[in-house]
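K.L.:
One structure is given below, represented as structure tokens, and several questions about it will come after.
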Amino acid sequence: MTLQQLRYIIAINRYRNFAKAAESEGVSQPTLSAMLVKLEEELDVRIFERSNKKVTPTTAGEKIIRQAEHAVIETDRISELIAEDKGIVSGNLSLAIGPTIAPYILPQFIRYYLETYPQVNLSIMEQKAENMLESLRHSQVDAGIAISGHRSPGILEISLYTENFWVYLAENCWRKAPSFTPEMLEHENMWIMKEAQCLRDSAFSFCKARAKGHHIYEAGSIDTLIRIVDINGGFTIIPEMHLPLLSERQRSNVRRIEGDYLSQRRVSLYIKEDYIRQCMLNTVTDTLMRFIPSAMMEERILKYGIRL
């Protein structure tokens, strides 16, 4: 049994496809298949059931794959520990980012990160929180950035920044008012984003009168919501970091939320509790601090960074 064989079965399990797994490992498909067969013969157990249509791990195979993941992680940690002790930041960093956050941080994050840490092989994927947590548990990603509050056994949550929500109003909807209070629009249409619970919670927390004919519609993105409001009237809730993406005319339709209402979302970094690459995590927070307003960042992160 070799470490390379363990990497191969992890790749096969991840892609459930021999061609894609071979490509990810930089070997030919026949080589990958031969190494799998050799390992199965050595262990005297079938790790994967394969057919023309699918590849799935056997019951025994699932246990072997989980142990292989642990073995590979612990082995990789040796070189990572040595590099961190020398103050060297290099190697691979894989991040998962929630789809309601990605549009606001990824463009600048990628630019600044690649500029500052060219020796790091950065990989980023968009994932919903539940998928991100699953990827973390199986060590398929190093860290995730998502809305706070997704508690899960074995996963550590580190608060990064807090973002206020603002109200975006139609032009004919209280445009001259300097701020927004819920009583103003209790009978108007409110448009909210589908599958963005923080936006829904913020909207519903001050939408007490929706039973009085307050119609709520769902759209798939903030941009869609804004276009709907522009054409159909009413209002929606948008995150603070969307403000720079608005046109000058649209910005005149934005109002602060006044009063004692839930009107913000907190964003956190998620890692496994046994994750040890402190220097690598701080490359993430240092990059975020280059473009996220310091007033939004967690004070502890600004002062001390991440300490594991």
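Residues are referred to by chain and number: the chain letter is A, B, ... according to the order shown in the structure tokens, the number counts from 1 in that chain, and ligands are numbered separately from 1 in the order shown.
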So that I can check the surroundings of Arg251 (chain A), please list as number ranges by chain every protein, DNA and RNA residue that reaches within 12 Å of it, counting only C-alpha atoms and ignoring chain neighbours fewer than 2 positions away.

P.N.:
A: 166-171, 175, 226, 230, 238, 240, 242-249, 253-256

K.L.:
Neighbouring residues of region 130-141 of chain A were defined as those with any atom within 6 Å, considering only C-alpha atoms; residues of the same chain fewer than 3 positions away were excluded. Please report them as a ChimeraX atom specification.

P.N.:
/A:94-95,127

K.L.:
Once you have the residues from the selection above, write them out as a PDB file, in the first residue's frame, restricted to N, CA and C atoms.

P.N.:
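The new file again11.pdb reads:
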```pdb
ATOM      1  N   SER A  94      -7.648  25.524  -0.855  1.00  0.00           N
ATOM      2  CA  SER A  94      -8.961  25.387  -1.493  1.00  0.00           C
ATOM      3  C   SER A  94     -10.022  26.011  -0.597  1.00  0.00           C
ATOM      4  N   LEU A  95     -10.824  26.893  -1.184  1.00  0.00           N
ATOM      5  CA  LEU A  95     -11.857  27.604  -0.445  1.00  0.00           C
ATOM      6  C   LEU A  95     -13.228  27.320  -1.041  1.00  0.00           C
ATOM      7  N   GLN A 127     -20.297  27.107  -3.051  1.00  0.00           N
ATOM      8  CA  GLN A 127     -21.084  26.028  -2.453  1.00  0.00           C
ATOM      9  C   GLN A 127     -22.065  26.602  -1.442  1.00  0.00           C
TER      10      GLN A 127
END
```

K.L.:
Taking the DSSP secondary structure from the backbone, can you list the residues of region 80-299 of chain A that are helix (DSSP H, G or I), as a PyMOL selection string?

P.N.:
chain A and resi 80-85+102-116+129-137+182-185+197-205+210-212+222-232+240-245+248-251+278-288+299

K.L.:
Give me, please, the distance in Å between CA of Ala19 (chain A) and CA of Ile124 (chain A), quoted to one decimal.

P.N.:
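Between these atoms lies a distance of 21.9 Å.
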
K.L.:
Tell me which protein, DNA and RNA residues are within 9 Å of Ile306 (chain A), counting only C-alpha atoms, leaving out same-chain ones fewer than 5 positions away, and put them as a ChimeraX atom specification.

P.N.:
/A:158,278-279,281-282,285,300-301

K.L.:
Tell me which protein, DNA and RNA residues are within 6 Å of region 98-113 of chain A, counting only C-alpha atoms, leaving out same-chain ones fewer than 4 positions away, and put them as a tab-separated table (two decimals) with C-alpha atoms, in the first residue's frame.

P.N.:
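New file selection19.tsv:
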```tsv
chain	number	residue	atom	x	y	z
A	117	TYR	CA	0.72	35.06	-2.70
A	126	GLU	CA	-19.11	28.26	-4.81
A	127	GLN	CA	-21.08	26.03	-2.45
A	128	LYS	CA	-24.19	26.36	-0.33
A	146	ALA	CA	-20.44	31.64	4.54
```

K.L.:
Just the number, please: distance in Å from CA of Ser252 (chain A) to CA of Leu225 (chain A), one decimal.

P.N.:
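Taking CA of Ser252 (chain A) as the start and CA of Leu225 (chain A) as the end point, the length is 16.4 Å.
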
K.L.:
Which residue gives the smallest distance to Glu258 (chain A) among A:Ala96, A:Glu42, A:Phe180, A:Leu160, with only C-alpha atoms counted?

P.N.:
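Among the listed residues, A:Phe180 lies closest to Glu258 (chain A).
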
K.L.:
Determine the nearest neighbour of Gly305 (chain A) from the options A:Ser24, A:Ser159, A:Gln264, A:Val72, counting only C-alpha atoms.

P.N.:
A:Ser159

K.L.:
Choose the residue, out of A:Ser179, A:Ser79, A:Ser90, A:Gln67, that has the smallest atom-to-atom separation from Thr116 (chain A); count only C-alpha atoms.

P.N.:
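The shortest atom-to-atom distance to Thr116 (chain A) comes from A:Ser90.
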
K.L.:
Per DSSP on the backbone, what are the strand (DSSP E or B) residues of region 3-133 of chain A, as a PyMOL selection string?

P.N.:
chain A and resi 48-50+55-57+91-97+120-126

K.L.:
Measuring atom to atom with only C-alpha atoms, identify which of A:Ala68, A:Met190, A:Leu269, A:Met280 is nearest to Ile237 (chain A).

P.N.:
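Distance minimum relative to Ile237 (chain A) lands on A:Met190.
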
K.L.:
Mind pulling up the distance from CA of Ile64 (chain A) to CA of Leu6 (chain A)?

P.N.:
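So the answer is 9.0 Å.
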
K.L.:
Have a look at A:Asn52, A:Ser268, A:Gln250, A:Thr224 and name the one nearest to Met297 (chain A); count only C-alpha atoms.

P.N.:
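For Met297 (chain A), the nearest of the candidates is A:Ser268.
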